[in-house]
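Trainee: Input upload09.cif, format and content: mmCIF, C-alpha atoms (C1' of nucleotides).
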data_run
loop_
_atom_site.label_atom_id
_atom_site.label_comp_id
_atom_site.auth_asym_id
_atom_site.auth_seq_id
_atom_site.Cartn_x
_atom_site.Cartn_y
_atom_site.Cartn_z
CA MET A 1 111.64 76.19 90.88
CA THR A 2 114.96 74.74 92.08
CA ARG A 3 117.50 76.65 94.13
CA ASP A 4 119.32 78.13 91.16
CA LYS A 5 116.25 79.67 89.66
CA ILE A 6 115.11 81.30 92.88
CA ALA A 7 118.57 82.67 93.53
CA MET A 8 118.80 84.01 90.00
CA CYS A 9 115.42 85.65 90.40
CA ALA A 10 116.45 87.57 93.46
CA GLU A 11 119.79 88.57 92.02
CA ARG A 12 118.87 89.35 88.47
CA LYS A 13 115.44 90.84 88.97
CA GLN A 14 113.45 88.67 86.59
CA GLU A 15 115.99 88.81 83.80
CA CYS A 16 116.31 85.06 84.08
CA GLY A 17 114.04 82.75 82.12
CA CYS A 18 112.52 81.16 85.20
CA ARG A 19 108.88 80.92 86.23
CA CYS A 20 109.12 83.07 89.30
CA GLY A 21 107.22 85.74 87.38
CA CYS A 22 103.70 86.05 88.71
CA GLU A 23 101.33 84.41 86.25
CA VAL A 24 97.75 83.26 86.41
CA ARG A 25 97.26 79.56 85.87
CA GLY A 26 95.37 78.73 82.69
CA PHE A 27 95.09 82.36 81.74
CA ILE A 28 95.32 81.52 78.05
CA GLN A 29 91.73 80.29 78.36
CA PRO A 30 90.00 83.58 79.24
CA ARG A 31 92.32 85.41 76.85
CA LEU A 32 91.15 83.24 73.98
CA LEU A 33 87.52 83.51 75.04
CA LEU A 34 87.74 87.30 75.17
CA LEU A 35 89.36 87.47 71.73
CA LEU A 36 86.70 85.16 70.31
CA ALA A 37 83.96 87.19 71.98
CA LYS A 38 85.14 90.12 69.89
CA LYS A 39 85.58 88.24 66.63
CA ASP A 40 85.51 84.69 65.27
CA SER A 41 89.07 83.67 64.52
CA HIS A 42 91.55 80.86 63.88
CA GLY A 43 94.54 79.60 65.85
CA TYR A 44 97.30 81.43 64.05
CA GLU A 45 95.46 84.75 64.21
CA LEU A 46 94.71 84.25 67.92
CA MET A 47 98.39 83.51 68.47
CA GLU A 48 99.44 86.75 66.82
CA ALA A 49 96.78 88.63 68.77
CA LEU A 50 98.14 87.23 72.05
CA ARG A 51 101.66 88.15 71.01
CA ALA A 52 100.51 91.75 70.61
CA ILE A 53 98.95 92.02 74.09
CA PRO A 54 101.34 93.33 76.75
CA GLY A 55 101.65 90.67 79.44
CA ALA A 56 100.16 87.94 77.27
CA GLU A 57 103.20 87.33 75.06
CA ASN A 58 104.05 84.11 76.89
CA LEU A 59 100.65 82.70 76.05
CA ALA A 60 101.37 82.91 72.34
CA ASP A 61 102.81 79.41 72.15
CA PRO A 62 101.41 77.25 69.34
CA GLY A 63 101.63 74.10 71.47
CA MET A 64 99.55 75.46 74.35
CA LEU A 65 97.27 77.34 71.98
CA TYR A 66 96.11 74.56 69.67
CA ARG A 67 95.79 72.08 72.51
CA THR A 68 93.73 74.56 74.52
CA LEU A 69 91.45 75.25 71.55
CA ARG A 70 90.84 71.50 71.17
CA GLN A 71 90.04 71.15 74.86
CA LEU A 72 87.69 74.11 74.73
CA GLU A 73 85.94 72.59 71.75
CA GLU A 74 85.68 69.22 73.46
CA ALA A 75 84.02 71.08 76.34
CA GLU A 76 81.63 72.81 73.93
CA VAL A 77 82.97 76.19 74.96
CA VAL A 78 83.88 76.92 71.35
CA GLN A 79 82.97 75.33 68.03
CA SER A 80 84.98 75.25 64.83
CA ALA A 81 84.69 74.85 61.09
CA TRP A 82 87.33 74.47 58.37
CA GLU A 83 87.79 77.41 56.05
CA THR A 84 89.43 76.20 52.85
CA GLY A 85 88.65 78.97 50.36
CA GLY A 86 91.27 81.52 51.45
CA HIS A 87 94.85 82.03 50.40
CA GLY A 88 97.30 79.77 52.23
CA PRO A 89 96.68 76.59 54.20
CA ALA A 90 93.20 75.74 55.44
CA ARG A 91 92.18 77.40 58.68
CA ARG A 92 90.02 76.15 61.49
CA ILE A 93 87.72 79.04 62.40
CA TYR A 94 86.61 79.11 66.02
CA GLU A 95 83.48 80.68 67.40
CA LEU A 96 82.19 81.07 70.98
CA THR A 97 79.15 79.02 71.99
CA LYS A 98 76.53 80.04 74.55
CA ILE A 99 78.41 77.95 77.13
CA GLY A 100 81.54 79.78 76.07
CA ARG A 101 80.05 83.20 76.75
CA GLU A 102 78.91 82.01 80.16
CA HIS A 103 82.33 80.55 80.80
CA LEU A 104 83.92 83.90 79.99
CA ASP A 105 81.57 85.59 82.47
CA THR A 106 82.62 83.08 85.13
CA TRP A 107 86.28 83.69 84.38
CA ALA A 108 85.80 87.44 84.55
CA ALA A 109 84.22 87.16 87.99
CA GLU A 110 87.10 84.99 89.19
CA ILE A 111 89.68 87.34 87.71
CA GLU A 112 88.03 90.21 89.52
CA LYS A 113 88.37 88.30 92.81
CA THR A 114 91.99 87.47 92.13
CA ARG A 115 92.73 91.09 91.26
CA THR A 116 91.27 92.13 94.61
CA HIS A 117 93.38 89.56 96.44
CA LEU A 118 96.52 90.76 94.67
CA GLY A 119 95.63 94.30 95.71
CA GLU A 120 95.29 93.20 99.31
CA PHE A 121 98.62 91.42 99.15
CA LEU A 122 100.33 94.51 97.75
CA ALA A 123 98.77 96.78 100.37
CA GLU A 124 100.12 94.52 103.09
CA TYR A 125 103.50 94.32 101.41
CA GLU A 126 103.74 98.10 101.15
CA SER A 127 102.96 98.56 104.83
CA ILE A 128 105.85 96.17 105.60
CA ALA A 129 108.14 97.92 103.14
CA GLU A 130 107.37 101.27 104.75
CA ARG A 131 108.15 99.90 108.18
CA ARG A 132 111.37 98.46 106.79
CA SER A 133 112.51 101.78 105.32
CA ALA A 134 111.51 103.60 108.51
CA LYS A 135 113.98 101.51 110.55
CA PRO A 136 116.34 100.20 107.89
CA ARG A 137 118.83 98.45 110.20
CA LYS A 138 116.35 96.19 111.96
CA ARG A 139 118.55 93.16 111.43
CA GLY A 140 122.32 92.88 110.83
CA MET B 1 90.83 70.83 82.80
CA THR B 2 88.85 68.14 80.92
CA ARG B 3 85.47 68.72 79.32
CA ASP B 4 83.41 67.90 82.39
CA LYS B 5 85.17 70.40 84.56
CA ILE B 6 84.80 73.25 82.09
CA ALA B 7 81.14 72.50 81.58
CA MET B 8 80.54 72.33 85.32
CA CYS B 9 82.29 75.65 85.75
CA ALA B 10 80.01 77.44 83.35
CA GLU B 11 76.89 75.81 84.71
CA ARG B 12 77.56 75.88 88.41
CA LYS B 13 79.48 79.13 88.68
CA GLN B 14 82.55 77.90 90.50
CA GLU B 15 80.69 75.74 92.97
CA CYS B 16 82.57 72.78 91.57
CA GLY B 17 85.94 71.81 92.94
CA CYS B 18 87.76 72.32 89.65
CA ARG B 19 90.74 74.49 88.88
CA CYS B 20 88.99 76.94 86.59
CA GLY B 21 89.21 79.46 89.41
CA CYS B 22 91.76 82.12 88.59
CA GLU B 23 94.88 81.54 90.63
CA VAL B 24 98.44 82.79 90.47
CA ARG B 25 101.03 80.10 89.92
CA GLY B 26 103.33 79.58 92.86
CA PHE B 27 101.55 82.20 94.91
CA ILE B 28 102.22 80.31 98.11
CA GLN B 29 105.79 81.56 97.81
CA PRO B 30 105.21 85.32 98.14
CA ARG B 31 102.51 84.64 100.74
CA LEU B 32 105.01 82.82 102.92
CA LEU B 33 107.66 85.45 102.35
CA LEU B 34 105.27 88.23 103.35
CA LEU B 35 104.22 86.37 106.50
CA LEU B 36 107.85 85.76 107.41
CA ALA B 37 108.71 89.39 106.71
CA LYS B 38 106.28 90.28 109.45
CA LYS B 39 107.35 87.63 111.94
CA ASP B 40 109.59 84.57 112.16
CA SER B 41 107.39 81.51 112.23
CA HIS B 42 107.10 77.75 111.74
CA GLY B 43 105.22 75.64 109.19
CA TYR B 44 102.11 74.91 111.18
CA GLU B 45 101.65 78.52 112.21
CA LEU B 46 102.17 79.68 108.62
CA MET B 47 99.57 77.16 107.51
CA GLU B 48 97.00 78.50 109.95
CA ALA B 49 97.86 82.05 108.94
CA LEU B 50 97.25 81.19 105.27
CA ARG B 51 93.97 79.53 106.21
CA ALA B 52 92.85 82.80 107.78
CA ILE B 53 93.60 84.94 104.72
CA PRO B 54 90.62 85.34 102.35
CA GLY B 55 91.65 83.94 98.97
CA ALA B 56 94.67 82.10 100.35
CA GLU B 57 92.80 79.21 101.97
CA ASN B 58 93.79 76.83 99.17
CA LEU B 59 97.45 77.51 99.87
CA ALA B 60 97.12 76.12 103.39
CA ASP B 61 98.03 72.59 102.36
CA PRO B 62 100.71 70.92 104.48
CA GLY B 63 102.12 69.04 101.50
CA MET B 64 102.74 72.14 99.40
CA LEU B 65 103.71 74.18 102.42
CA TYR B 66 106.50 72.07 103.90
CA ARG B 67 107.91 71.24 100.48
CA THR B 68 107.93 74.91 99.53
CA LEU B 69 109.65 75.87 102.77
CA ARG B 70 112.37 73.29 102.10
CA GLN B 71 112.85 74.58 98.57
CA LEU B 72 113.03 78.15 99.81
CA GLU B 73 115.62 77.13 102.35
CA GLU B 74 117.64 75.25 99.74
CA ALA B 75 117.60 78.47 97.72
CA GLU B 76 118.76 80.44 100.77
CA VAL B 77 115.62 82.55 100.67
CA VAL B 78 114.82 81.47 104.22
CA GLN B 79 116.82 79.82 106.98
CA SER B 80 115.56 77.63 109.80
CA ALA B 81 116.41 76.37 113.25
CA TRP B 82 114.78 73.74 115.47
CA GLU B 83 112.95 74.99 118.52
CA THR B 84 112.62 72.18 121.04
CA GLY B 85 111.92 74.00 124.30
CA GLY B 86 108.23 74.75 123.72
CA HIS B 87 105.12 72.80 124.56
CA GLY B 88 104.25 70.20 121.94
CA PRO B 89 106.41 68.68 119.18
CA ALA B 90 109.61 70.42 118.08
CA ARG B 91 109.14 73.23 115.58
CA ARG B 92 111.32 74.37 112.76
CA ILE B 93 111.41 78.17 112.98
CA TYR B 94 111.90 79.95 109.68
CA GLU B 95 113.36 83.38 109.14
CA LEU B 96 113.82 85.48 105.99
CA THR B 97 117.35 86.02 104.71
CA LYS B 98 118.59 89.08 102.84
CA ILE B 99 118.03 87.17 99.59
CA GLY B 100 114.55 86.42 100.83
CA ARG B 101 113.69 90.06 101.36
CA GLU B 102 114.97 90.86 97.88
CA HIS B 103 112.98 87.95 96.51
CA LEU B 104 109.84 89.32 98.13
CA ASP B 105 110.50 92.71 96.53
CA THR B 106 110.83 91.02 93.15
CA TRP B 107 107.61 89.12 93.67
CA ALA B 108 105.80 92.29 94.70
CA ALA B 109 106.89 94.04 91.51
CA GLU B 110 105.70 91.07 89.43
CA ILE B 111 102.40 90.92 91.27
CA GLU B 112 101.89 94.60 90.61
CA LYS B 113 102.37 93.96 86.88
CA THR B 114 100.01 91.03 86.92
CA ARG B 115 97.39 93.07 88.76
CA THR B 116 97.62 95.73 86.07
CA HIS B 117 97.23 93.11 83.33
CA LEU B 118 94.18 91.66 85.05
CA GLY B 119 92.74 95.15 85.22
CA GLU B 120 93.30 95.64 81.51
CA PHE B 121 91.66 92.29 80.80
CA LEU B 122 88.62 93.22 82.88
CA ALA B 123 88.29 96.63 81.24
CA GLU B 124 88.26 94.97 77.83
CA TYR B 125 85.81 92.34 79.03
CA GLU B 126 83.45 94.97 80.37
CA SER B 127 83.45 96.88 77.11
CA ILE B 128 82.44 93.64 75.37
CA ALA B 129 79.79 92.89 77.99
CA GLU B 130 78.30 96.35 77.54
CA ARG B 131 78.15 95.89 73.80
CA ARG B 132 76.52 92.52 74.35
CA SER B 133 73.79 93.91 76.61
CA ALA B 134 73.23 96.85 74.24
CA LYS B 135 72.30 94.49 71.37
CA PRO B 136 71.39 91.29 73.18
CA ARG B 137 70.18 89.32 70.13
CA LYS B 138 73.36 89.60 68.10
CA ARG B 139 73.43 85.86 67.44
CA GLY B 140 70.63 83.29 67.37
"C1'" DG C 1 114.05 74.46 43.68
"C1'" DT C 2 114.18 76.39 47.77
"C1'" DC C 3 113.19 79.80 51.00
"C1'" DA C 4 109.99 82.27 53.93
"C1'" DC C 5 105.47 82.64 55.61
"C1'" DT C 6 101.07 80.78 57.05
"C1'" DA C 7 98.71 77.20 59.56
"C1'" DT C 8 97.80 73.16 62.42
"C1'" DA C 9 99.36 69.52 65.30
"C1'" DT C 10 102.03 66.22 68.40
"C1'" DG C 11 105.79 64.74 71.68
"C1'" DC C 12 108.50 65.35 75.74
"C1'" DT C 13 109.68 67.02 80.19
"C1'" DC C 14 109.37 69.79 84.40
"C1'" DC C 15 107.12 70.92 88.26
"C1'" DC C 16 102.88 73.01 90.61
"C1'" DG C 17 99.04 71.68 93.13
"C1'" DA C 18 95.58 68.39 95.10
"C1'" DC C 19 95.05 64.65 97.92
"C1'" DA C 20 96.35 60.86 100.83
"C1'" DT C 21 99.18 59.04 104.23
"C1'" DA C 22 102.99 58.38 107.81
"C1'" DT C 23 105.16 59.67 112.09
"C1'" DA C 24 105.42 61.43 116.59
"C1'" DG C 25 105.22 64.49 120.84
"C1'" DA C 26 101.84 66.58 124.10
"C1'" DT C 27 97.41 66.89 126.31
"C1'" DG C 28 93.05 65.49 127.98
"C1'" DT C 29 89.76 62.05 129.58
"C1'" DC C 30 87.50 57.93 130.94
"C1'" DG D 1 96.86 52.89 130.57
"C1'" DA D 2 94.22 53.05 126.57
"C1'" DC D 3 92.43 56.17 123.47
"C1'" DA D 4 91.36 60.34 121.09
"C1'" DT D 5 92.75 64.90 119.80
"C1'" DC D 6 95.69 68.53 118.78
"C1'" DT D 7 100.17 70.12 117.27
"C1'" DA D 8 103.89 69.54 114.04
"C1'" DT D 9 106.67 67.87 110.21
"C1'" DA D 10 107.23 65.06 106.24
"C1'" DT D 11 106.71 61.95 102.06
"C1'" DG D 12 104.15 59.55 98.07
"C1'" DT D 13 101.36 59.77 94.13
"C1'" DC D 14 99.09 61.59 90.19
"C1'" DG D 15 96.94 64.85 86.90
"C1'" DG D 16 97.64 68.63 84.32
"C1'" DG D 17 99.58 73.44 82.95
"C1'" DA D 18 103.34 75.27 80.59
"C1'" DG D 19 107.77 75.52 77.99
"C1'" DC D 20 110.27 73.79 74.26
"C1'" DA D 21 111.16 71.16 70.20
"C1'" DT D 22 109.57 69.07 66.17
"C1'" DA D 23 106.52 67.40 62.22
"C1'" DT D 24 103.62 68.41 58.32
"C1'" DA D 25 101.86 70.96 54.59
"C1'" DG D 26 99.91 74.73 51.52
"C1'" DT D 27 101.24 79.21 49.25
"C1'" DG D 28 103.91 82.79 47.13
"C1'" DA D 29 108.41 84.99 45.92
"C1'" DC D 30 112.86 84.80 43.75
#
Show me this structure written as structure tokens.

Mentor:
Amino acid sequence: MTRDKIAMCAERKQECGCRCGCEVRGFIQPRLLLLLAKKDSHGYELMEALRAIPGAENLADPGMLYRTLRQLEEAEVVQSAWETGGHGPARRIYELTKIGREHLDTWAAEIEKTRTHLGEFLAEYESIAERRSAKPRKRG
Amino acid sequence: MTRDKIAMCAERKQECGCRCGCEVRGFIQPRLLLLLAKKDSHGYELMEALRAIPGAENLADPGMLYRTLRQLEEAEVVQSAWETGGHGPARRIYELTKIGREHLDTWAAEIEKTRTHLGEFLAEYESIAERRSAKPRKRG
DNA sequence: GTCACTATATGCTCCCGACATATAGATGTC
DNA sequence: GACATCTATATGTCGGGAGCATATAGTGAC
């Protein structure tokens, strides 16, 4: 955070590179699971897919991505196999396991909850904002 | 994360104490700003307020809370003054600054975006889930 | 030969978040 | 008056998510 970053955020309206932007912790996980639920894939392809999703661009970082895939595999949420036949370097093809599909369901339920909570926050914020614009000179 | 935690998540449906639950990074910040936008307050009162908000219970941690308030003050998002007259120990009363109100607006805009993205994720997930239940034995 | 593209992987650092602990004033009670 | 409890603020520690840089290597184009 640090003072500079917060100040920049308020002044420059998110044009700064700071983390004040509202992001869900570990969201790369459900994103990968959803992509893999649609189609078996490999890291590089998943990365490009993430880059193409509005709001998920930040998740398309090779460091995070490959580490996350390894962790998911260690947890038996996905499983992988080398594909050497194709053109270019060998690829590690990932596939969802049964645990993985269940894990995605769990994530979806949690995301639903979070979405509701964000909605409640915004509703409360808007009621404040209305009040503020109704009497704009509340405080000097 | 770790393998155990992921596995527990899938099996026990979030009854475990792990972090797989979907949470917005730094969300204590806008929560505090919104509370302070409604009413000047001190740390302990803010903590109890957070504890009473469904979905914000985890944010009611004194460690996070007091540190965050200090950081916000360092960033001139809030300002504080000691209140010694009351019953009980002295309280540090916090108040939003102009920067703070702007910062809350910025957060609200970001939260709106995030809420939209979560909605898009869920829509995509549900289309997958439908497909899955339509042909349940896709994979052995 | 070297440049760009595809593909996987590791290292480093910051800081959020969880948890534990310290300090101390006020109040109640036995 | 000793002790527990509630109110109130504050610091210490540690794991891990996330951003950024870097390493390695196969392939095709020129």

Trainee: Which polymer residues have any atom within 7 Å of an atom of segment 94-104 of chain B, counting all atoms listed in the file, with same-chain residues fewer than 6 positions away left out, as a ChimeraX atom specification?

Mentor: /A:9-10 /B:30,33,36-37,40-42,76-81

Trainee: Written as a PyMOL selection string, which residues does the PyMOL selection byres ((chain A) within 7 of (chain C)) give for the file shown?

Mentor: chain A and resi 44+88-89+91

Trainee: At a cut-off of 9 Å, list the chain A residues touching chain D, using all atoms listed in the file, as a CSV table (one decimal) with C-alpha atoms, in the coordinates of the input.

Mentor:
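This went into result-v8.csv:
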chain,number,residue,atom,x,y,z
A,25,ARG,CA,97.3,79.6,85.9
A,26,GLY,CA,95.4,78.7,82.7
A,61,ASP,CA,102.8,79.4,72.2
A,64,MET,CA,99.6,75.5,74.4
A,87,HIS,CA,94.8,82.0,50.4
A,88,GLY,CA,97.3,79.8,52.2
A,89,PRO,CA,96.7,76.6,54.2
A,90,ALA,CA,93.2,75.7,55.4

Trainee: Can you report as AutoDock Vina command-line options the centre and edge lengths in Å, to one decimal, of an axis-aligned box around the listed atoms of segment 7-12 of chain D padded with 6 Å on each side?

Mentor:
--center_x 103.7 --center_y 64.8 --center_z 107.7 --size_x 19.1 --size_y 22.6 --size_z 31.2

Trainee: I'd like the interatomic distance between atom CA of Ala134 of chain B and atom CA of Ile111 of chain A, to a tenth of an Å.

Mentor: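 Those two atoms sit 23.3 Å apart.
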
Trainee: Please indicate the distance in Å from atom CA of Arg115 of chain A to atom CA of Leu118 of chain B, rounded to one decimal place.

Mentor: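 One can read the atom CA of Arg115 of chain A to atom CA of Leu118 of chain B distance as 6.4 Å.
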
Trainee: What is the distance between atom CA of Leu122 of chain B and atom CA of Ala75 of chain A, in Å to one decimal?

Mentor: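 Separating atom CA of Leu122 of chain B from atom CA of Ala75 of chain A is a distance of 23.5 Å.
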